[in-house]
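Structure file query_16.txt (compact mmCIF, C-alpha atoms) is printed below.
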```txt
# COMPACT_ATOMS: atom_id res chain seq x y z
CA MET A 186 -66.29 -242.97 -16.24
CA THR A 187 -68.45 -246.02 -16.92
CA THR A 188 -71.17 -247.11 -14.54
CA ASN A 189 -70.56 -250.79 -15.36
CA PHE A 190 -68.27 -251.50 -12.45
CA THR A 191 -66.62 -254.84 -11.84
CA ALA A 192 -67.17 -256.63 -8.55
CA ARG A 193 -63.71 -255.54 -7.39
CA GLN A 194 -64.37 -251.90 -8.35
CA LEU A 195 -67.64 -251.98 -6.40
CA GLN A 196 -65.74 -253.39 -3.42
CA ILE A 197 -63.20 -250.57 -3.69
CA ILE A 198 -65.99 -247.99 -3.95
CA GLN A 199 -67.79 -249.40 -0.90
CA GLU A 200 -64.63 -249.57 1.19
CA SER A 201 -63.79 -246.00 0.16
CA ILE A 202 -67.20 -244.86 1.37
CA THR A 203 -66.62 -246.64 4.68
CA LEU A 204 -63.17 -245.08 5.10
CA ILE A 205 -64.52 -241.59 4.40
CA ALA A 206 -67.36 -242.15 6.88
CA GLU A 207 -64.96 -243.33 9.57
CA LYS A 208 -61.91 -241.11 9.00
CA GLY A 209 -63.04 -238.26 6.76
CA ILE A 210 -61.76 -237.57 3.28
CA GLN A 211 -58.19 -237.34 4.58
CA GLY A 212 -58.51 -240.96 5.72
CA LEU A 213 -59.10 -242.12 2.17
CA THR A 214 -55.55 -242.88 1.13
CA MET A 215 -54.46 -245.62 -1.22
CA LYS A 216 -52.49 -247.13 1.66
CA ASN A 217 -55.52 -247.22 3.98
CA LEU A 218 -57.75 -248.49 1.21
CA ALA A 219 -55.36 -251.27 0.20
CA SER A 220 -55.01 -252.31 3.85
CA ALA A 221 -58.79 -252.35 4.38
CA ILE A 222 -59.35 -254.52 1.31
CA GLY A 223 -56.31 -256.71 1.92
CA VAL A 224 -54.46 -256.00 -1.33
CA SER A 225 -51.32 -254.12 -2.28
CA GLU A 226 -51.48 -250.48 -3.29
CA PRO A 227 -50.40 -251.26 -6.88
CA ALA A 228 -53.32 -253.72 -7.10
CA LEU A 229 -55.75 -250.82 -6.60
CA TYR A 230 -54.31 -249.06 -9.62
CA ARG A 231 -55.38 -251.97 -11.83
CA HIS A 232 -58.98 -250.98 -11.08
CA PHE A 233 -58.77 -247.18 -10.73
CA LYS A 234 -56.05 -244.86 -12.05
CA SER A 235 -56.17 -242.53 -9.04
CA LYS A 236 -57.97 -241.59 -5.85
CA ASN A 237 -59.96 -239.04 -7.86
CA ASP A 238 -61.12 -241.83 -10.18
CA ILE A 239 -62.35 -243.71 -7.11
CA LEU A 240 -64.19 -240.61 -5.89
CA SER A 241 -65.65 -240.20 -9.37
CA GLY A 242 -66.73 -243.84 -9.19
CA ILE A 243 -68.49 -243.16 -5.89
CA ILE A 244 -70.43 -240.31 -7.50
CA GLU A 245 -71.31 -242.40 -10.56
CA GLN A 246 -72.52 -245.26 -8.37
CA MET A 247 -74.66 -242.88 -6.29
CA LYS A 248 -76.08 -241.35 -9.47
CA THR A 249 -76.92 -244.78 -10.89
CA ASN A 250 -78.64 -245.84 -7.68
CA THR A 251 -80.56 -242.57 -7.41
CA GLY A 252 -81.70 -242.88 -11.02
CA LYS A 253 -83.02 -246.38 -10.38
CA ASN A 254 -84.95 -245.18 -7.36
CA LEU A 255 -86.57 -242.28 -9.21
CA ASP A 256 -87.87 -244.30 -12.16
CA LEU A 257 -91.40 -245.21 -11.07
CA SER A 258 -94.26 -246.20 -13.32
CA SER A 259 -97.37 -244.10 -13.67
CA GLN A 260 -99.50 -246.72 -11.90
CA PHE A 261 -98.86 -244.89 -8.64
CA SER A 262 -100.29 -241.58 -7.53
CA VAL A 263 -97.75 -238.78 -7.28
CA LEU A 264 -97.81 -238.89 -3.48
CA GLU A 265 -97.19 -242.65 -3.64
CA LYS A 266 -94.26 -242.06 -6.01
CA LEU A 267 -92.70 -239.50 -3.67
CA GLU A 268 -93.21 -241.82 -0.71
CA LYS A 269 -91.69 -244.81 -2.51
CA VAL A 270 -88.64 -242.81 -3.60
CA LEU A 271 -87.99 -241.41 -0.13
CA LEU A 272 -88.55 -244.76 1.59
CA THR A 273 -86.28 -246.52 -0.92
CA HIS A 274 -83.54 -244.00 -0.14
CA THR A 275 -84.20 -244.42 3.59
CA VAL A 276 -83.84 -248.19 3.41
CA ALA A 277 -80.63 -247.78 1.36
CA PHE A 278 -79.15 -245.46 4.02
CA ILE A 279 -80.13 -247.85 6.81
CA ALA A 280 -78.53 -250.75 4.93
CA ASN A 281 -75.39 -248.71 4.25
CA PRO A 282 -75.04 -245.95 6.87
CA SER A 283 -71.59 -244.97 5.60
CA LEU A 284 -73.25 -243.70 2.44
CA THR A 285 -74.75 -240.78 4.37
CA ALA A 286 -71.25 -239.40 4.93
CA ILE A 287 -70.83 -239.11 1.17
CA VAL A 288 -74.24 -238.32 -0.27
CA PHE A 289 -74.76 -235.09 1.62
CA SER A 290 -71.14 -233.96 1.88
CA GLU A 291 -70.44 -231.97 -1.27
CA ASP A 292 -67.42 -230.40 0.47
CA ILE A 293 -65.57 -233.69 0.01
CA PHE A 294 -65.58 -233.09 -3.75
CA ARG A 295 -65.15 -229.32 -3.78
CA SER A 296 -61.36 -229.33 -4.25
CA ASP A 297 -61.59 -230.94 -7.69
CA ASN A 298 -63.51 -229.19 -10.49
CA VAL A 299 -64.42 -232.42 -12.28
CA LEU A 300 -65.72 -234.09 -9.12
CA SER A 301 -67.53 -230.91 -8.07
CA ALA A 302 -69.23 -230.72 -11.47
CA GLN A 303 -70.30 -234.37 -11.19
CA ILE A 304 -71.86 -233.80 -7.76
CA LYS A 305 -73.66 -230.65 -8.92
CA ASN A 306 -74.95 -232.48 -11.98
CA MET A 307 -76.23 -235.39 -9.87
CA MET A 308 -77.98 -233.02 -7.47
CA MET A 309 -79.56 -231.03 -10.31
CA GLU A 310 -80.81 -234.17 -12.07
CA SER A 311 -82.31 -235.49 -8.84
CA GLN A 312 -84.00 -232.15 -8.14
CA GLN A 313 -85.38 -232.05 -11.71
CA LYS A 314 -86.86 -235.53 -11.36
CA PHE A 315 -88.59 -234.58 -8.11
CA THR A 316 -89.86 -231.40 -9.78
CA GLN A 317 -91.20 -233.45 -12.71
CA ILE A 318 -93.05 -235.77 -10.33
CA ILE A 319 -94.55 -232.78 -8.52
CA ASN A 320 -95.47 -231.09 -11.82
CA GLN A 321 -97.28 -234.26 -12.80
CA GLY A 322 -99.13 -234.17 -9.48
CA GLN A 323 -100.13 -230.55 -10.03
CA GLU A 324 -101.45 -231.40 -13.50
CA ARG A 325 -103.51 -234.24 -11.99
CA GLN A 326 -104.71 -231.96 -9.17
CA GLU A 327 -103.04 -234.31 -6.64
CA ILE A 328 -100.55 -231.67 -5.47
CA ARG A 329 -101.31 -228.09 -4.49
CA THR A 330 -100.78 -225.61 -7.32
CA ASP A 331 -100.43 -222.40 -5.30
CA ILE A 332 -96.70 -223.04 -4.83
CA ASP A 333 -94.24 -223.56 -7.68
CA ALA A 334 -93.17 -227.18 -8.28
CA ASN A 335 -89.50 -226.22 -7.92
CA GLN A 336 -90.14 -224.80 -4.47
CA LEU A 337 -92.15 -227.84 -3.42
CA SER A 338 -89.43 -230.20 -4.62
CA LEU A 339 -86.86 -228.21 -2.63
CA TYR A 340 -89.07 -228.61 0.42
CA VAL A 341 -89.42 -232.38 -0.07
CA VAL A 342 -85.74 -233.03 -0.83
CA GLY A 343 -84.41 -230.50 1.68
CA ALA A 344 -86.45 -231.82 4.59
CA PHE A 345 -85.41 -235.38 3.81
CA ARG A 346 -81.79 -234.34 3.46
CA LEU A 347 -81.89 -232.60 6.85
CA LEU A 348 -83.42 -235.68 8.49
CA VAL A 349 -80.76 -238.03 7.08
CA THR A 350 -77.95 -235.59 7.93
CA LYS A 351 -79.25 -235.39 11.51
CA TRP A 352 -79.35 -239.19 11.69
CA HIS A 353 -75.75 -239.35 10.48
CA LEU A 354 -74.49 -236.65 12.85
CA LEU A 355 -76.26 -238.26 15.82
CA LYS A 356 -74.54 -241.57 15.01
CA HIS A 357 -77.79 -243.29 13.94
CA ASN A 358 -79.29 -243.05 17.43
CA PHE A 359 -82.92 -242.87 16.28
CA ASN A 360 -85.13 -244.96 14.03
CA LEU A 361 -84.61 -243.39 10.61
CA LEU A 362 -87.36 -245.40 8.94
CA GLU A 363 -89.92 -244.31 11.52
CA GLU A 364 -88.85 -240.67 11.31
CA ALA A 365 -88.86 -240.77 7.50
CA GLN A 366 -92.40 -242.16 7.56
CA ASN A 367 -93.44 -239.34 9.93
CA LEU A 368 -91.84 -236.77 7.63
CA ILE A 369 -93.55 -238.23 4.57
CA SER A 370 -96.91 -238.16 6.35
CA ALA A 371 -96.41 -234.48 7.20
CA GLN A 372 -95.28 -233.70 3.65
CA LYS A 373 -98.39 -235.39 2.22
CA ILE A 374 -100.57 -233.09 4.32
CA LEU A 375 -98.65 -230.01 3.22
CA LEU A 376 -98.55 -231.03 -0.46
CA THR A 377 -102.21 -232.00 -0.79
CA PRO A 378 -104.54 -229.27 -2.12
```
Would you mind writing the file's structure down as structure tokens?
Amino acid sequence: MTTNFTARQLQIIQESITLIAEKGIQGLTMKNLASAIGVSEPALYRHFKSKNDILSGIIEQMKTNTGKNLDLSSQFSVLEKLEKVLLTHTVAFIANPSLTAIVFSEDIFRSDNVLSAQIKNMMMESQQKFTQIINQGQERQEIRTDIDANQLSLYVVGAFRLLVTKWHLLKHNFNLLEEAQNLISAQKILLTP
């Protein structure tokens, strides 16, 4: 699937995310989606061949956005890069809270092998980019070297994931930006040699 979505396809993707967040994956039906957008069901099929194509589009859009957020120039220290990536993701979740229902819910895609493979690939690529950033920090002596970069990246990503999942499950009842900043501050202390 292409990542060059039309404006209408992006609208369909966003509304699908909102429906999943509100009603679960079972709530994402072509009928519900068409009603939410204000078009006929056949009109949806002009933009996506099936519900699975829409779900694939959601994954592709998440992957594209994640890739943009992880491409940082070398002008920043490694700790600054990690902070910028995590804060960029935090701001994106705050701007679009429905996205949290999708990003950390691999079970939604488990029933389809193609979708499951896409999600796994996206997660692996994201993890590899964090590991690369941490490796760079270890080479520069900015990040502790007594723990493997893969393990440190799991710590960084896993702690952030848990925080965002908690925010989603608690219906956004705490300040995610403030808590993310607190987490990042703690991670900096633990990552610094």
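Using only C-alpha atoms for every distance, the candidate list A:Thr316, A:Met309, A:Thr285, A:Asp331 yields A:Thr285 as the residue closest to Leu347 in chain A.
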Looking at all atoms listed in the file, which of A:Phe233, A:Trp352, A:Tyr340, A:Phe190 is the one that sits closest to Lys373 in chain A?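 Closest to Lys373 in chain A of all the choices is A:Tyr340.
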Distance criterion (all atoms listed in the file): nearest to Ser262 in chain A out of A:Ile319, A:Ile239, A:Leu204, A:Val341: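 Counting all atoms listed in the file, the residue closest to Ser262 in chain A is A:Ile319.
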From the set A:Ile222, A:Pro282, A:Ile210, A:Leu229, which residue has the shortest atom-to-atom contact distance to Asn358 in chain A, counting only C-alpha atoms? A:Pro282
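When the distance limit is 9 Å and all atoms listed in the file are what count, the residues near Gln312 in chain A, minus those fewer than 2 positions from it on the same chain, are Met307, Met308, Met309, Glu310, Lys314, Phe315, Thr316, Gln317, Asn335, Ser338, Leu339 and Val342 of chain A.
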Have a look at A:Lys305, A:Phe261, A:Leu368, A:Phe278 and name the one nearest to Ile318 in chain A; count all atoms listed in the file. A:Phe261
Report the distance between CA of Glu364 in chain A and CA of Ala280 in chain A in Å, rounded to one decimal place.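 Computed distance, CA of Glu364 in chain A to CA of Ala280 in chain A, equals 15.8 Å.
Nearest residue to Leu272 in chain A among A:Ser225, A:Ser311, A:Gln366, A:Gln372 is A:Gln366, counting all atoms listed in the file.
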Coordinates-based distance that separates CA of Ala344 in chain A from CA of Asn320 in chain A (Å, one decimal):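 Here the two named atoms are 18.7 Å from each other.
Pairwise distance (CA of Ala334 in chain A, CA of Lys269 in chain A) equals 18.6 Å.
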Skip Gln196 in chain A itself and residues of its chain fewer than 2 positions away, then list as a PyMOL selection string all residues within 12 Å of it, counting all atoms listed in the file. chain A and resi 190-194+198-203+218-219+221-224+229+232-233+239+242-243+246
Add whatever atoms are absent from range 349-367 of chain A to reach N, CA and C atoms, and provide the output as an mmCIF file, keeping the file's coordinate frame.
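Result written to part.cif:
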```
data_model
loop_
_atom_site.group_PDB
_atom_site.id
_atom_site.type_symbol
_atom_site.label_atom_id
_atom_site.label_comp_id
_atom_site.auth_asym_id
_atom_site.auth_seq_id
_atom_site.Cartn_x
_atom_site.Cartn_y
_atom_site.Cartn_z
ATOM 1 N N VAL A 349 -81.829 -237.033 7.229
ATOM 2 C CA VAL A 349 -80.760 -238.030 7.080
ATOM 3 C C VAL A 349 -79.433 -237.476 7.621
ATOM 4 N N THR A 350 -79.166 -236.204 7.396
ATOM 5 C CA THR A 350 -77.950 -235.590 7.930
ATOM 6 C C THR A 350 -77.967 -235.634 9.461
ATOM 7 N N LYS A 351 -79.105 -235.327 10.046
ATOM 8 C CA LYS A 351 -79.250 -235.390 11.510
ATOM 9 C C LYS A 351 -78.990 -236.804 12.008
ATOM 10 N N TRP A 352 -79.550 -237.783 11.326
ATOM 11 C CA TRP A 352 -79.350 -239.190 11.690
ATOM 12 C C TRP A 352 -77.870 -239.546 11.640
ATOM 13 N N HIS A 353 -77.196 -239.080 10.610
ATOM 14 C CA HIS A 353 -75.750 -239.350 10.480
ATOM 15 C C HIS A 353 -74.960 -238.668 11.603
ATOM 16 N N LEU A 354 -75.234 -237.398 11.837
ATOM 17 C CA LEU A 354 -74.490 -236.650 12.850
ATOM 18 C C LEU A 354 -74.735 -237.171 14.266
ATOM 19 N N LEU A 355 -75.935 -237.703 14.509
ATOM 20 C CA LEU A 355 -76.260 -238.260 15.820
ATOM 21 C C LEU A 355 -75.902 -239.749 15.925
ATOM 22 N N LYS A 356 -75.064 -240.200 14.998
ATOM 23 C CA LYS A 356 -74.540 -241.570 15.010
ATOM 24 C C LYS A 356 -75.654 -242.620 14.983
ATOM 25 N N HIS A 357 -76.697 -242.335 14.200
ATOM 26 C CA HIS A 357 -77.790 -243.290 13.940
ATOM 27 C C HIS A 357 -78.542 -243.675 15.208
ATOM 28 N N ASN A 358 -78.697 -242.718 16.125
ATOM 29 C CA ASN A 358 -79.290 -243.050 17.430
ATOM 30 C C ASN A 358 -80.812 -242.917 17.467
ATOM 31 N N PHE A 359 -81.461 -242.811 16.318
ATOM 32 C CA PHE A 359 -82.920 -242.870 16.280
ATOM 33 C C PHE A 359 -83.341 -243.708 15.081
ATOM 34 N N ASN A 360 -84.593 -244.093 15.077
ATOM 35 C CA ASN A 360 -85.130 -244.960 14.030
ATOM 36 C C ASN A 360 -85.396 -244.128 12.770
ATOM 37 N N LEU A 361 -84.491 -244.206 11.816
ATOM 38 C CA LEU A 361 -84.610 -243.390 10.610
ATOM 39 C C LEU A 361 -85.852 -243.743 9.808
ATOM 40 N N LEU A 362 -86.181 -245.008 9.713
ATOM 41 C CA LEU A 362 -87.360 -245.400 8.940
ATOM 42 C C LEU A 362 -88.629 -244.797 9.542
ATOM 43 N N GLU A 363 -88.748 -244.880 10.851
ATOM 44 C CA GLU A 363 -89.920 -244.310 11.520
ATOM 45 C C GLU A 363 -89.995 -242.798 11.324
ATOM 46 N N GLU A 364 -88.870 -242.124 11.482
ATOM 47 C CA GLU A 364 -88.850 -240.670 11.310
ATOM 48 C C GLU A 364 -89.102 -240.264 9.859
ATOM 49 N N ALA A 365 -88.598 -241.050 8.913
ATOM 50 C CA ALA A 365 -88.860 -240.770 7.500
ATOM 51 C C ALA A 365 -90.348 -240.933 7.198
ATOM 52 N N GLN A 366 -90.960 -241.957 7.757
ATOM 53 C CA GLN A 366 -92.400 -242.160 7.560
ATOM 54 C C GLN A 366 -93.200 -240.995 8.153
ATOM 55 N N ASN A 367 -92.775 -240.501 9.325
ATOM 56 C CA ASN A 367 -93.440 -239.340 9.930
ATOM 57 C C ASN A 367 -93.288 -238.107 9.051
#
```
